[in-house]
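Pasting my_file.txt here (compact mmCIF, C-alpha atoms):
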# COMPACT_ATOMS: atom_id res chain seq x y z
CA MET T 652 -72.68 -66.24 -49.99
CA PHE T 653 -72.25 -64.09 -53.17
CA SER T 654 -73.77 -64.99 -56.52
CA ARG T 655 -71.45 -66.28 -59.24
CA ALA T 656 -72.16 -63.21 -61.39
CA PHE T 657 -71.17 -60.90 -58.54
CA GLN T 658 -68.01 -62.94 -57.85
CA ARG T 659 -66.97 -62.69 -61.53
CA TRP T 660 -67.62 -58.94 -61.48
CA LEU T 661 -65.45 -58.55 -58.34
CA ALA T 662 -62.67 -60.62 -59.93
CA ALA T 663 -62.77 -58.46 -63.07
CA LEU T 664 -62.72 -55.29 -60.97
CA ALA T 665 -59.74 -56.54 -58.93
CA PHE T 666 -57.88 -57.45 -62.14
CA GLY T 667 -58.58 -53.99 -63.60
CA VAL T 668 -57.38 -52.21 -60.47
CA ALA T 669 -54.22 -54.34 -60.33
CA THR T 670 -53.51 -53.70 -64.00
CA LEU T 671 -54.08 -49.96 -63.75
CA GLY T 672 -52.13 -49.70 -60.51
CA GLY T 673 -48.88 -50.32 -62.36
CA ALA T 674 -49.65 -47.78 -65.06
CA GLN T 675 -48.39 -44.23 -64.63
CA ALA T 676 -49.54 -41.00 -66.19
CA ALA T 677 -47.48 -39.75 -69.08
CA THR T 678 -45.06 -36.95 -68.26
CA PRO T 679 -45.70 -33.85 -70.35
CA PRO T 680 -42.79 -32.51 -72.38
CA GLY T 681 -40.66 -29.76 -70.89
CA GLN T 682 -40.71 -26.18 -72.13
CA PRO T 683 -38.57 -25.86 -75.27
CA LYS T 684 -35.33 -23.89 -74.96
CA ALA T 685 -35.96 -21.95 -78.20
CA GLY T 686 -38.72 -21.38 -80.72
CA PRO T 687 -42.49 -21.49 -80.20
CA GLY T 688 -43.45 -22.04 -76.57
CA SER T 689 -40.02 -21.14 -75.25
CA MET T 690 -39.56 -18.45 -72.64
CA GLY T 691 -37.18 -16.53 -74.87
CA ASP T 692 -33.77 -15.41 -73.72
CA PRO T 693 -33.76 -15.73 -69.89
CA THR T 694 -30.49 -13.80 -69.60
CA THR T 695 -31.68 -10.61 -71.32
CA GLU T 696 -33.01 -7.83 -69.11
CA VAL T 697 -36.65 -6.80 -69.44
CA VAL T 698 -37.09 -3.03 -69.15
CA LYS T 699 -40.05 -2.04 -66.96
CA ARG T 700 -41.21 1.58 -66.86
CA ALA T 701 -44.24 3.80 -66.85
CA VAL T 702 -45.19 6.42 -69.41
CA GLY T 703 -47.79 9.09 -68.79
CA ARG T 704 -48.57 10.95 -65.62
CA THR T 705 -49.19 9.84 -62.05
CA GLY T 706 -52.60 8.25 -61.76
CA ALA T 707 -52.89 7.91 -65.54
CA ALA T 708 -49.95 5.80 -66.59
CA THR T 709 -49.30 2.87 -68.88
CA TYR T 710 -46.69 0.37 -67.80
CA VAL T 711 -44.30 -0.59 -70.60
CA TYR T 712 -42.24 -3.79 -70.86
CA HIS T 713 -39.68 -4.80 -73.50
CA LEU T 714 -36.23 -6.30 -73.84
CA ALA T 715 -33.37 -3.93 -73.02
CA ALA T 716 -31.55 -4.45 -76.31
CA ALA T 717 -32.66 -2.24 -79.20
CA PRO T 718 -34.56 -4.41 -81.69
CA PRO T 719 -33.41 -4.74 -85.32
CA GLU T 720 -37.05 -4.37 -86.43
CA PRO T 721 -40.04 -2.67 -84.79
CA ARG T 722 -41.67 -4.65 -81.99
CA MET T 723 -45.17 -6.07 -82.17
CA VAL T 724 -47.37 -4.22 -79.65
CA VAL T 725 -49.30 -6.31 -77.14
CA VAL T 726 -51.85 -4.43 -75.01
CA LEU T 727 -52.80 -6.34 -71.85
CA LEU T 728 -56.13 -5.20 -70.37
CA HIS T 729 -56.58 -6.42 -66.83
CA ALA T 730 -59.57 -7.79 -64.95
CA TRP T 731 -61.65 -5.40 -62.87
CA GLY T 732 -59.73 -4.68 -59.69
CA ALA T 733 -56.49 -6.35 -60.87
CA VAL T 734 -54.76 -3.02 -61.38
CA ASN T 735 -51.29 -4.15 -60.28
CA PRO T 736 -49.35 -5.62 -63.23
CA VAL T 737 -47.63 -8.04 -60.84
CA VAL T 738 -50.81 -10.14 -61.08
CA TYR T 739 -49.90 -10.80 -64.73
CA GLY T 740 -46.12 -10.82 -64.18
CA GLY T 741 -45.44 -14.24 -65.72
CA TRP T 742 -47.51 -13.50 -68.80
CA ILE T 743 -45.95 -10.04 -69.24
CA ASP T 744 -42.42 -11.39 -68.80
CA HIS T 745 -43.06 -14.19 -71.32
CA LEU T 746 -44.40 -11.75 -73.93
CA ALA T 747 -41.57 -9.26 -73.41
CA ARG T 748 -38.91 -12.01 -73.64
CA ARG T 749 -40.43 -13.10 -76.94
CA GLY T 750 -39.53 -9.64 -78.28
CA HIS T 751 -42.89 -7.89 -77.98
CA LEU T 752 -43.59 -4.41 -76.63
CA VAL T 753 -46.14 -4.95 -73.84
CA LEU T 754 -48.41 -2.11 -72.75
CA TYR T 755 -50.41 -2.37 -69.53
CA PRO T 756 -52.72 0.67 -69.36
CA GLY T 757 -53.81 1.59 -65.82
CA PHE T 758 -57.39 2.34 -66.82
CA GLN T 759 -58.90 1.81 -63.37
CA THR T 760 -58.58 3.52 -60.02
CA VAL T 761 -60.15 1.03 -57.60
CA GLY T 762 -63.26 2.42 -55.98
CA ARG T 763 -63.39 5.45 -58.27
CA THR T 764 -63.48 4.41 -61.93
CA ARG T 765 -66.88 3.49 -63.29
CA PRO T 766 -66.97 0.49 -65.65
CA GLY T 767 -68.73 2.66 -68.25
CA ASP T 768 -65.67 4.93 -68.41
CA ALA T 769 -63.03 2.20 -68.63
CA THR T 770 -62.93 1.85 -72.44
CA GLU T 771 -62.48 5.60 -72.93
CA ILE T 772 -59.72 5.76 -70.31
CA ALA T 773 -57.93 2.73 -71.79
CA ALA T 774 -58.11 4.19 -75.31
CA THR T 775 -56.64 7.50 -74.14
CA LEU T 776 -53.81 5.80 -72.24
CA ILE T 777 -52.92 3.56 -75.19
CA LYS T 778 -52.86 6.50 -77.62
CA GLU T 779 -50.69 8.53 -75.24
CA ALA T 780 -48.30 5.62 -74.67
CA LEU T 781 -47.89 4.92 -78.39
CA ALA T 782 -47.25 8.63 -79.02
CA ALA T 783 -44.66 8.75 -76.22
CA LEU T 784 -42.90 5.62 -77.51
CA ALA T 785 -43.08 6.40 -81.26
CA ASP T 786 -39.50 7.70 -81.48
CA ASP T 787 -38.04 5.55 -78.69
CA PRO T 788 -35.33 3.33 -80.28
CA GLN T 789 -35.57 0.83 -77.39
CA ALA T 790 -39.35 0.39 -77.54
CA LYS T 791 -39.74 0.82 -81.31
CA PRO T 792 -43.50 0.03 -81.57
CA ASP T 793 -44.89 -1.48 -84.76
CA THR T 794 -48.42 -0.10 -84.86
CA THR T 795 -49.26 -2.27 -87.88
CA ARG T 796 -48.94 -5.34 -85.62
CA VAL T 797 -51.09 -4.87 -82.52
CA ALA T 798 -52.70 -7.50 -80.29
CA LEU T 799 -55.30 -6.77 -77.62
CA LEU T 800 -55.34 -9.28 -74.75
CA GLY T 801 -58.17 -8.96 -72.24
CA HIS T 802 -58.90 -10.82 -69.02
CA SER T 803 -62.40 -10.78 -67.50
CA ALA T 804 -63.72 -7.18 -67.77
CA GLY T 805 -60.58 -6.39 -69.78
CA SER T 806 -62.01 -8.69 -72.47
CA ALA T 807 -64.98 -6.38 -72.98
CA ILE T 808 -62.63 -3.39 -73.14
CA ALA T 809 -60.43 -5.20 -75.71
CA LEU T 810 -63.50 -5.95 -77.85
CA ASN T 811 -64.65 -2.33 -77.60
CA LEU T 812 -61.22 -1.01 -78.58
CA ALA T 813 -61.14 -3.37 -81.57
CA ALA T 814 -64.65 -2.42 -82.70
CA GLU T 815 -63.97 1.31 -82.33
CA SER T 816 -60.27 1.46 -83.20
CA GLN T 817 -60.78 3.65 -86.26
CA SER T 818 -63.12 6.16 -84.59
CA ARG T 819 -60.83 6.36 -81.53
CA GLY T 820 -57.67 6.90 -83.61
CA LEU T 821 -56.10 3.62 -82.48
CA PRO T 822 -54.28 1.10 -84.65
CA ALA T 823 -56.54 -1.72 -85.79
CA PRO T 824 -55.60 -4.91 -83.93
CA LYS T 825 -54.50 -8.01 -85.81
CA LEU T 826 -55.53 -10.16 -82.82
CA VAL T 827 -58.05 -9.90 -80.01
CA PHE T 828 -57.68 -12.53 -77.29
CA ALA T 829 -60.39 -12.57 -74.63
CA THR T 830 -59.80 -14.91 -71.72
CA MET T 831 -62.52 -15.57 -69.13
CA PRO T 832 -64.75 -12.72 -70.39
CA GLY T 833 -66.74 -11.19 -67.56
CA GLY T 834 -68.00 -7.94 -66.12
CA ILE T 835 -70.05 -7.23 -69.23
CA ALA T 836 -73.14 -5.05 -68.79
CA LYS T 837 -76.43 -6.15 -70.35
CA ASP T 838 -77.41 -2.53 -71.03
CA ALA T 839 -76.51 1.04 -70.04
CA LYS T 840 -78.29 0.65 -66.68
CA SER T 841 -76.39 -2.51 -65.67
CA ARG T 842 -73.12 -2.47 -63.78
CA GLY T 843 -70.20 -3.55 -65.93
CA VAL T 844 -68.54 -2.70 -69.22
CA GLN T 845 -71.10 -2.30 -71.97
CA LEU T 846 -70.11 -3.68 -75.38
CA ALA T 847 -69.82 -1.05 -78.09
CA ASP T 848 -71.05 -3.37 -80.84
Turn the structure described in the file into structure tokens.
Amino acid sequence: MFSRAFQRWLAALAFGVATLGGAQAATPPGQPKAGPGSMGDPTTEVVKRAVGRTGAATYVYHLAAAPPEPRMVVVLLHAWGAVNPVVYGGWIDHLARRGHLVLYPGFQTVGRTRPGDATEIAATLIKEALAALADDPQAKPDTTRVALLGHSAGSAIALNLAAESQSRGLPAPKLVFATMPGGIAKDAKSRGVQLAD
């Protein structure tokens, strides 16, 4: 009924399926309790507050305990339309628990802010937040250690802030992390955030 070659192929396939059926995928390691990759101290409170004025605020996150040394500043620039920091809650909490000072500038008012204005608004909010926190012993920002993290359209804003940090009076970032870059305009006529450089 079936050719010998086909019968041998079926037998080999059956053997392979039977052999693989007993195999199981490896279990990935759990999250370490301390050190790189750990969540930090889960028992310490993370302070959450806003600095600035209504409609033009930067949300600030850091551990409640005063740090022995200034905190590295991490600026998280959200995707277009993702104005609520709850969207990034896990990421923010992880960074704050690792001892960083996390800034989440509210550079967009949905339905009102134009993408072409977003970089300028973000730069202003970051400068104002750093000025407001400069003498705060709980926040204690280290402006020599700044990271810009951008998601989607926030990636273009992070790149613009890095390229123009000196001319905008912002600290030069030591790290720019752009995840899922998007919302980038091809030119001044296109909708999106135009790259400065």
Practice problem: Quick one: pull the distance between atom CA of Leu810 of chain T and atom CA of Thr770 of chain T, Å, one decimal. | Solution: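 Result for atom CA of Leu810 of chain T versus atom CA of Thr770 of chain T: 9.5 Å, one decimal.
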Quiz item: Quick one: of T:Val698, T:Val797, T:Val737, T:Ile808, who's nearest to Ala715 of chain T, counting all atoms listed in the file?
Solution: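 Counting all atoms listed in the file, the residue closest to Ala715 of chain T is T:Val698.
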Exercise. Determine, counting only C-alpha atoms, which protein, DNA and RNA residues have an atom within 7 Å of an atom of segment 829-837 of chain T; residues of the same chain fewer than 3 positions away are not included. Present the result as a PyMOL selection string.
Key: chain T and resi 800-804+806-807+841-845
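Look at Arg796 of chain T: the protein and nucleic acid residues within 12 Å of it, using only C-alpha atoms and passing over chain neighbours fewer than 4 places away, are Glu720, Pro721, Arg722, Met723, Val724, Val725, Val726, His751, Leu752, Lys791, Pro792, Leu821, Pro822, Ala823, Pro824, Lys825, Leu826 and Val827 of chain T.
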Practice problem: Rank nothing, just name the residue among T:Arg659, T:Arg748, T:His713, T:His729 nearest to Pro693 of chain T, using all atoms listed in the file. | Solution: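 Smallest separation from Pro693 of chain T among the options: T:Arg748.
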